[in-house]
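File shown: structure_29.csv. Contents: CSV, C-alpha atoms.
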chain,number,residue,atom,x,y,z
A,1427,LEU,CA,-35.5,53.1,119.7
A,1428,ALA,CA,-34.3,54.1,123.2
A,1429,PRO,CA,-35.8,52.6,126.4
A,1430,SER,CA,-35.0,55.6,128.5
A,1431,ASN,CA,-34.5,59.4,128.2
A,1432,THR,CA,-31.0,58.8,129.5
A,1433,LEU,CA,-30.2,56.7,126.4
A,1434,MET,CA,-31.9,59.1,124.1
A,1435,GLU,CA,-29.7,61.9,125.5
A,1436,ARG,CA,-26.6,59.8,125.0
A,1437,PHE,CA,-27.6,59.0,121.4
A,1438,ALA,CA,-28.1,62.7,120.7
A,1439,ARG,CA,-24.6,63.4,122.1
A,1440,PHE,CA,-23.2,60.8,119.8
A,1441,GLY,CA,-24.8,62.7,116.8
A,1442,ILE,CA,-28.0,60.8,116.2
A,1443,PRO,CA,-30.7,63.4,115.2
A,1444,PRO,CA,-33.6,63.5,117.7
A,1445,SER,CA,-36.0,63.2,114.7
A,1446,ARG,CA,-34.6,59.7,114.2
A,1447,MET,CA,-35.2,58.5,117.8
A,1448,LEU,CA,-38.2,57.2,119.6
A,1449,LEU,CA,-38.6,56.6,123.3
A,1450,GLN,CA,-39.9,53.1,123.8
A,1451,HIS,CA,-40.2,51.8,127.3
A,1452,GLN,CA,-39.6,48.1,127.7
A,1453,GLY,CA,-42.1,46.0,129.5
A,1454,ILE,CA,-41.9,42.8,131.5
A,1455,ASP,CA,-44.1,39.8,131.9
A,1456,ALA,CA,-46.0,40.7,135.1
A,1457,ARG,CA,-47.8,37.3,135.3
A,1458,PRO,CA,-45.2,35.7,137.6
A,1459,PHE,CA,-45.6,38.5,140.1
A,1460,ALA,CA,-49.4,38.2,140.3
A,1461,GLY,CA,-50.7,37.1,143.7
A,1462,LEU,CA,-47.5,37.3,145.6
A,1463,THR,CA,-47.9,37.5,149.3
A,1464,ARG,CA,-45.4,39.3,151.6
A,1465,GLN,CA,-45.0,38.5,155.3
A,1466,PRO,CA,-44.3,41.2,157.9
A,1467,SER,CA,-41.0,41.2,159.7
A,1468,ASP,CA,-39.5,42.9,162.8
A,1469,ARG,CA,-36.5,44.0,160.8
A,1470,LEU,CA,-36.1,45.8,157.5
A,1471,ARG,CA,-35.3,43.3,154.8
A,1472,LEU,CA,-33.1,44.7,152.0
A,1473,GLY,CA,-32.1,43.0,148.8
A,1474,PHE,CA,-29.8,43.2,145.8
A,1475,ALA,CA,-30.3,41.2,142.6
A,1476,GLY,CA,-27.7,41.4,139.8
A,1477,SER,CA,-24.2,40.6,138.8
A,1478,LEU,CA,-21.7,41.2,141.5
A,1479,MET,CA,-19.4,43.5,139.6
A,1480,ALA,CA,-17.9,46.9,140.4
A,1481,SER,CA,-20.2,48.9,138.2
A,1482,LYS,CA,-23.3,47.5,139.9
A,1483,ALA,CA,-21.7,48.5,143.2
A,1484,PRO,CA,-22.9,46.0,145.7
A,1485,HIS,CA,-19.9,47.1,147.8
A,1486,VAL,CA,-21.7,50.4,148.3
A,1487,LEU,CA,-24.7,48.6,149.7
A,1488,LEU,CA,-22.6,46.3,151.8
A,1489,GLU,CA,-20.6,49.2,153.3
A,1490,ALA,CA,-23.8,51.1,154.0
A,1491,VAL,CA,-25.3,48.1,155.8
A,1492,ALA,CA,-22.1,47.4,157.8
A,1493,GLY,CA,-22.4,50.8,159.4
A,1494,LEU,CA,-26.0,50.1,160.7
A,1495,PRO,CA,-26.8,48.8,164.2
A,1496,SER,CA,-26.9,45.0,164.0
A,1497,GLY,CA,-30.2,43.1,164.2
A,1498,ARG,CA,-32.5,45.6,162.7
A,1499,VAL,CA,-31.7,45.2,159.1
A,1500,SER,CA,-31.0,42.1,157.0
A,1501,LEU,CA,-29.6,41.9,153.5
A,1502,LYS,CA,-30.1,39.2,150.8
A,1503,ILE,CA,-27.6,39.4,147.9
A,1504,ALA,CA,-28.7,37.4,144.8
A,1505,GLY,CA,-26.0,37.2,142.1
A,1506,ASP,CA,-22.8,35.7,141.0
A,1507,LEU,CA,-19.4,37.3,141.1
A,1508,ALA,CA,-18.6,38.6,137.6
A,1509,PRO,CA,-15.4,40.0,136.0
A,1510,TYR,CA,-15.6,43.5,134.7
A,1511,HIS,CA,-14.1,43.5,131.2
A,1512,GLY,CA,-12.0,40.5,132.2
A,1513,ASP,CA,-10.8,42.0,135.5
A,1514,ASP,CA,-11.9,39.7,138.4
A,1515,SER,CA,-10.0,41.5,141.2
A,1516,TYR,CA,-13.4,42.9,142.5
A,1517,ALA,CA,-14.2,39.4,143.9
A,1518,ALA,CA,-11.3,39.7,146.4
A,1519,ILE,CA,-12.8,42.9,147.7
A,1520,LEU,CA,-16.4,41.7,147.8
A,1521,ARG,CA,-16.0,38.2,149.3
A,1522,PRO,CA,-15.2,39.4,152.9
A,1523,MET,CA,-18.0,41.9,152.7
A,1524,LEU,CA,-20.5,39.2,151.7
A,1525,ALA,CA,-19.5,37.2,154.8
A,1526,GLN,CA,-20.5,40.0,157.3
A,1527,GLY,CA,-23.2,39.5,159.8
A,1528,GLY,CA,-26.8,40.1,158.7
A,1529,VAL,CA,-25.9,39.3,155.0
A,1530,GLU,CA,-27.2,36.3,153.2
A,1531,TRP,CA,-25.4,35.6,149.9
A,1532,LEU,CA,-27.7,33.5,147.7
A,1533,GLY,CA,-25.4,33.2,144.7
A,1534,GLY,CA,-27.1,33.2,141.3
A,1535,VAL,CA,-30.9,32.9,141.4
A,1536,ALA,CA,-32.8,31.4,138.5
A,1537,HIS,CA,-35.1,34.0,136.9
A,1538,GLU,CA,-38.2,32.0,137.7
A,1539,ARG,CA,-37.3,32.4,141.4
A,1540,VAL,CA,-37.0,36.2,141.2
A,1541,PRO,CA,-40.7,36.8,142.1
A,1542,ALA,CA,-40.4,34.8,145.3
A,1543,LEU,CA,-37.1,36.5,146.2
A,1544,LEU,CA,-38.6,40.0,145.7
A,1545,ALA,CA,-41.7,39.0,147.8
A,1546,SER,CA,-39.3,38.2,150.7
A,1547,LEU,CA,-38.0,41.8,150.7
A,1548,ASP,CA,-39.2,45.1,152.0
A,1549,VAL,CA,-37.0,47.1,149.6
A,1550,LEU,CA,-34.7,46.4,146.7
A,1551,ALA,CA,-31.5,48.3,146.5
A,1552,VAL,CA,-30.0,49.2,143.1
A,1553,PRO,CA,-26.7,51.0,143.9
A,1554,SER,CA,-25.1,51.1,140.5
A,1555,ILE,CA,-22.4,53.7,139.9
A,1556,TRP,CA,-22.7,53.6,136.1
A,1557,ILE,CA,-25.5,55.0,134.0
A,1558,GLU,CA,-28.0,52.2,134.0
A,1559,ASN,CA,-30.4,52.4,131.1
A,1560,SER,CA,-33.7,51.1,132.3
A,1561,PRO,CA,-33.2,48.2,134.7
A,1562,PHE,CA,-35.6,45.3,134.5
A,1563,VAL,CA,-34.9,44.5,138.1
A,1564,ILE,CA,-36.6,47.8,139.1
A,1565,LYS,CA,-39.6,47.0,137.0
A,1566,GLU,CA,-39.8,43.5,138.5
A,1567,ALA,CA,-39.6,44.9,142.0
A,1568,PHE,CA,-42.5,47.3,141.3
A,1569,ALA,CA,-44.5,44.4,139.8
A,1570,ALA,CA,-43.9,42.5,143.1
A,1571,GLY,CA,-45.0,45.5,145.1
A,1572,VAL,CA,-41.5,46.2,146.4
A,1573,PRO,CA,-40.2,49.8,146.6
A,1574,VAL,CA,-36.7,50.5,145.3
A,1575,VAL,CA,-33.7,52.5,146.7
A,1576,ALA,CA,-31.5,53.5,143.8
A,1577,SER,CA,-28.6,55.6,142.8
A,1578,ASN,CA,-29.7,59.0,141.5
A,1579,LEU,CA,-28.4,58.3,138.0
A,1580,GLY,CA,-29.7,57.6,134.5
A,1581,GLY,CA,-32.6,55.3,134.0
A,1582,MET,CA,-32.7,54.3,137.7
A,1583,ALA,CA,-33.6,57.9,138.6
A,1584,GLU,CA,-36.2,57.9,135.8
A,1585,LEU,CA,-38.0,54.9,137.2
A,1586,VAL,CA,-37.7,55.6,140.9
A,1587,GLU,CA,-39.8,58.6,141.9
A,1588,ASP,CA,-38.2,59.8,145.1
A,1589,GLY,CA,-40.6,59.5,148.0
A,1590,ARG,CA,-43.3,57.8,145.9
A,1591,ASN,CA,-42.2,54.4,144.8
A,1592,GLY,CA,-38.8,54.4,146.4
A,1593,LEU,CA,-36.0,56.7,147.4
A,1594,LEU,CA,-32.9,57.9,145.6
A,1595,PHE,CA,-29.4,58.4,147.1
A,1596,ALA,CA,-26.1,59.9,145.8
A,1597,ALA,CA,-24.4,57.3,143.6
A,1598,GLY,CA,-21.4,55.7,145.1
A,1599,ASP,CA,-22.0,57.2,148.6
A,1600,PRO,CA,-22.4,54.6,151.3
A,1601,ALA,CA,-23.2,57.2,153.9
A,1602,ASP,CA,-26.0,58.6,151.9
A,1603,LEU,CA,-27.4,55.1,151.2
A,1604,ARG,CA,-27.1,54.4,155.0
A,1605,ARG,CA,-29.1,57.6,155.6
A,1606,VAL,CA,-31.9,56.4,153.3
A,1607,ILE,CA,-31.9,52.9,154.8
A,1608,THR,CA,-32.1,54.4,158.3
A,1609,ARG,CA,-35.0,56.5,157.2
A,1610,LEU,CA,-36.8,53.5,155.9
A,1611,ARG,CA,-36.1,51.6,159.1
A,1612,ASP,CA,-37.3,54.5,161.3
A,1613,GLU,CA,-40.2,55.6,159.1
A,1614,PRO,CA,-41.7,52.3,157.7
When written as structure tokens, how does the structure in this file appear?
Amino acid sequence: LAPSNTLMERFARFGIPPSRMLLQHQGIDARPFAGLTRQPSDRLRLGFAGSLMASKAPHVLLEAVAGLPSGRVSLKIAGDLAPYHGDDSYAAILRPMLAQGGVEWLGGVAHERVPALLASLDVLAVPSIWIENSPFVIKEAFAAGVPVVASNLGGMAELVEDGRNGLLFAAGDPADLRRVITRLRDEP
């Protein structure tokens, strides 16, 4: 079973015959997202939810936001710093970025609080620079009625239909992500 075409293609490259594979999208429990209310704001409220590790690339989002005019965009970061295959040097890079103006670092957020977190956002950013398979956080954002800005890779690009339920940007490119955020801010 593969939860995305991306993974099916990888399996095929590893030698698994297509006749032995089945695409099976994974679902989420949508009940916690029912009846959420969202309040308007005079600023664009961005968010990130996930492990703060290099492959998830919160640094790309933080760099993109740092280049925007202050006061018109806010960013909530939900997640704990996590080593990547035992390497925890990324934390030293990320900590100063998390302290910049307009950024609220929430640390880890319990899963039962994710619906409320998503309801407090205008858009969720998924800036991963690795091939995500089929991120649950994107499905949860959609269940909360929140569009997603994501890297144009793998399962992220399969879930986010550019211009329909979110926008895609060039993976690892803070300037392109800044362009997309600016578009959202200017064309709500």
Point to revise | Nearby residues (only C-alpha atoms) at most 10 Å from Leu1544 (chain A), same-chain spacing under 4 positions excluded, as a list of chain:residue names | key: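 Residues meeting the cut-off are A:Phe1459, A:Leu1462, A:Arg1464, A:Leu1472, A:Gly1473, A:Phe1474, A:Ala1475, A:Lys1502, A:Arg1539, A:Val1540, A:Asp1548, A:Val1549, A:Leu1550, A:Val1563, A:Glu1566, A:Ala1567, A:Phe1568, A:Ala1569, A:Ala1570, A:Gly1571, A:Val1572, A:Pro1573.
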Practice item. Show me as a list in words the residues that reach within 12 Å of (-28.1, 57.3, 124.4), counting only C-alpha atoms and using the file's own coordinates. Key: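 Collected hits near the coordinates: Leu1427, Ala1428, Pro1429, Ser1430, Asn1431, Thr1432, Leu1433, Met1434, Glu1435, Arg1436, Phe1437, Ala1438, Arg1439, Phe1440, Gly1441, Ile1442, Pro1443, Pro1444, Met1447, Leu1448, Leu1449, Ile1557, Glu1558, Asn1559, Ser1560, Gly1580 and Gly1581 of chain A.
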Check your understanding: Using only C-alpha atoms, which of the listed residues (A:Glu1489, A:Asp1506, A:Asp1468, A:Asp1513) sits closest to Gln1526 (chain A)?
Key ->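 Of A:Glu1489, A:Asp1506, A:Asp1468, A:Asp1513, the one nearest Gln1526 (chain A), counting only C-alpha atoms, is A:Glu1489.
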**Study point:** Of the listed residues A:Pro1458, A:Gly1527, A:Pro1484, A:Gly1533, that which approaches Ala1504 (chain A) most closely, counting only C-alpha atoms
**Key:**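 Selected residue with least distance to Ala1504 (chain A): A:Gly1533.
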Point to revise | 12 Å contact set for Arg1605 (chain A), all atoms listed in the file, chain neighbours under 3 positions out, as a VMD selection string | key: chain A and resid 1487 1490 to 1491 1493 to 1494 1575 1593 to 1596 1599 to 1602 1608 to 1613
Check your understanding: Distance CA of Leu1547 (chain A)-CA of Tyr1510 (chain A), one decimal place?
Key -> 27.6 Å
Check your understanding: Quick one: distance from CA of Gly1453 (chain A) to CA of Leu1579 (chain A) in Å, one decimal?
Key ->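 About the pair CA of Gly1453 (chain A) and CA of Leu1579 (chain A): they are 20.3 Å apart.
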Revision key, fill the gap. Nearest to Glu1530 (chain A), restricted to all atoms listed in the file and choosing among A:Thr1463, A:Ser1500, A:Ser1546, A:Ser1477, comes out as A:Ser1500
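The nearest approach to Pro1561 (chain A) among the residues A:Leu1543, A:Val1574, A:Ala1460, A:Ala1492, with all atoms listed in the file taken into account, belongs to A:Val1574.
Across the model, the gap from CA of Gly1528 (chain A) to CA of Arg1471 (chain A) is 9.9 Å.
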Check your understanding: So which one's closest to Leu1524 (chain A), A:Ala1576, A:Ile1555, A:Ala1508, A:Leu1488? Using all atoms listed in the file, please.
Key ->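 Checking each of A:Ala1576, A:Ile1555, A:Ala1508, A:Leu1488 against Leu1524 (chain A), counting all atoms listed in the file, the winner is A:Leu1488.
Of the listed residues (A:Leu1520, A:Pro1495, A:Leu1532, A:Glu1538), A:Glu1538 comes nearest to Arg1457 (chain A); the distances count all atoms listed in the file.
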Review point. Skipping near chain neighbours, those fewer than 2 positions away, what residues fall within 8 Å of Ala1483 (chain A) using all atoms listed in the file, listed as a list in words?
Key: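 Answer for this query is Leu1478, Met1479, Ala1480, Ser1481, His1485, Val1486, Leu1487, Pro1553, Ser1554, Ile1555 and Gly1598 of chain A.
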Write to file, as a PDB file, keeping the file's coordinate frame, the residues of the selection just made, with C-alpha atoms.
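Saved as again_33.pdb:
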ATOM      1  CA  LEU A1478     -21.700  41.200 141.500  1.00  0.00           C
ATOM      2  CA  MET A1479     -19.400  43.500 139.600  1.00  0.00           C
ATOM      3  CA  ALA A1480     -17.900  46.900 140.400  1.00  0.00           C
ATOM      4  CA  SER A1481     -20.200  48.900 138.200  1.00  0.00           C
ATOM      5  CA  HIS A1485     -19.900  47.100 147.800  1.00  0.00           C
ATOM      6  CA  VAL A1486     -21.700  50.400 148.300  1.00  0.00           C
ATOM      7  CA  LEU A1487     -24.700  48.600 149.700  1.00  0.00           C
ATOM      8  CA  PRO A1553     -26.700  51.000 143.900  1.00  0.00           C
ATOM      9  CA  SER A1554     -25.100  51.100 140.500  1.00  0.00           C
ATOM     10  CA  ILE A1555     -22.400  53.700 139.900  1.00  0.00           C
ATOM     11  CA  GLY A1598     -21.400  55.700 145.100  1.00  0.00           C
TER      12      GLY A1598
END
May I ask you to restore N, CA, C and O atoms in region 1525-1547 of chain A and write the result as a compact mmCIF listing (two decimals), in the frame of the given file?
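Writing done, so here's result-v4.txt:
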# COMPACT_ATOMS: atom_id res chain seq x y z
N ALA A 1525 -19.50 38.12 153.67
CA ALA A 1525 -19.50 37.20 154.80
C ALA A 1525 -19.86 37.96 156.14
O ALA A 1525 -19.92 37.33 157.19
N GLN A 1526 -20.14 39.26 156.07
CA GLN A 1526 -20.50 40.00 157.30
C GLN A 1526 -21.82 39.59 157.85
O GLN A 1526 -22.67 39.08 157.14
N GLY A 1527 -22.00 39.80 159.14
CA GLY A 1527 -23.20 39.50 159.80
C GLY A 1527 -24.44 40.17 159.21
O GLY A 1527 -24.34 41.31 158.77
N GLY A 1528 -25.57 39.48 159.18
CA GLY A 1528 -26.80 40.10 158.70
C GLY A 1528 -26.90 40.01 157.14
O GLY A 1528 -27.89 40.48 156.57
N VAL A 1529 -25.89 39.43 156.46
CA VAL A 1529 -25.90 39.30 155.00
C VAL A 1529 -26.04 37.86 154.61
O VAL A 1529 -25.32 37.00 155.10
N GLU A 1530 -26.97 37.60 153.74
CA GLU A 1530 -27.20 36.30 153.20
C GLU A 1530 -26.88 36.32 151.69
O GLU A 1530 -27.61 36.96 150.94
N TRP A 1531 -25.79 35.68 151.28
CA TRP A 1531 -25.40 35.60 149.90
C TRP A 1531 -26.02 34.39 149.26
O TRP A 1531 -25.65 33.28 149.61
N LEU A 1532 -26.94 34.57 148.34
CA LEU A 1532 -27.70 33.50 147.70
C LEU A 1532 -26.96 32.90 146.50
O LEU A 1532 -27.36 31.84 146.01
N GLY A 1533 -25.97 33.62 145.98
CA GLY A 1533 -25.40 33.20 144.70
C GLY A 1533 -26.37 33.57 143.59
O GLY A 1533 -27.30 34.35 143.76
N GLY A 1534 -26.17 32.95 142.45
CA GLY A 1534 -27.10 33.20 141.30
C GLY A 1534 -28.46 32.63 141.63
O GLY A 1534 -28.60 31.58 142.26
N VAL A 1535 -29.49 33.34 141.20
CA VAL A 1535 -30.90 32.90 141.40
C VAL A 1535 -31.52 32.79 140.03
O VAL A 1535 -31.47 33.74 139.23
N ALA A 1536 -32.12 31.65 139.75
CA ALA A 1536 -32.80 31.40 138.50
C ALA A 1536 -33.92 32.47 138.32
O ALA A 1536 -34.58 32.84 139.31
N HIS A 1537 -34.12 32.93 137.10
CA HIS A 1537 -35.10 34.00 136.90
C HIS A 1537 -36.50 33.63 137.36
O HIS A 1537 -37.22 34.49 137.87
N GLU A 1538 -36.87 32.36 137.26
CA GLU A 1538 -38.20 32.00 137.70
C GLU A 1538 -38.35 32.09 139.24
O GLU A 1538 -39.47 32.10 139.76
N ARG A 1539 -37.24 32.19 139.97
CA ARG A 1539 -37.30 32.40 141.40
C ARG A 1539 -37.27 33.83 141.86
O ARG A 1539 -37.41 34.13 143.04
N VAL A 1540 -37.09 34.74 140.92
CA VAL A 1540 -37.00 36.20 141.20
C VAL A 1540 -38.28 36.69 141.90
O VAL A 1540 -38.21 37.43 142.89
N PRO A 1541 -39.49 36.35 141.41
CA PRO A 1541 -40.70 36.80 142.10
C PRO A 1541 -40.72 36.49 143.59
O PRO A 1541 -41.02 37.33 144.43
N ALA A 1542 -40.40 35.24 143.93
CA ALA A 1542 -40.40 34.80 145.30
C ALA A 1542 -39.32 35.57 146.13
O ALA A 1542 -39.54 35.97 147.27
N LEU A 1543 -38.16 35.75 145.52
CA LEU A 1543 -37.10 36.50 146.20
C LEU A 1543 -37.57 37.92 146.49
O LEU A 1543 -37.43 38.40 147.62
N LEU A 1544 -38.14 38.59 145.50
CA LEU A 1544 -38.60 40.00 145.70
C LEU A 1544 -39.71 40.02 146.76
O LEU A 1544 -39.76 40.95 147.56
N ALA A 1545 -40.58 39.02 146.78
CA ALA A 1545 -41.70 39.00 147.80
C ALA A 1545 -41.13 38.84 149.19
O ALA A 1545 -41.83 39.18 150.15
N SER A 1546 -39.90 38.34 149.33
CA SER A 1546 -39.30 38.20 150.70
C SER A 1546 -38.63 39.43 151.17
O SER A 1546 -38.10 39.44 152.28
N LEU A 1547 -38.67 40.51 150.39
CA LEU A 1547 -38.00 41.80 150.70
C LEU A 1547 -38.96 42.86 151.08
O LEU A 1547 -40.11 42.86 150.65
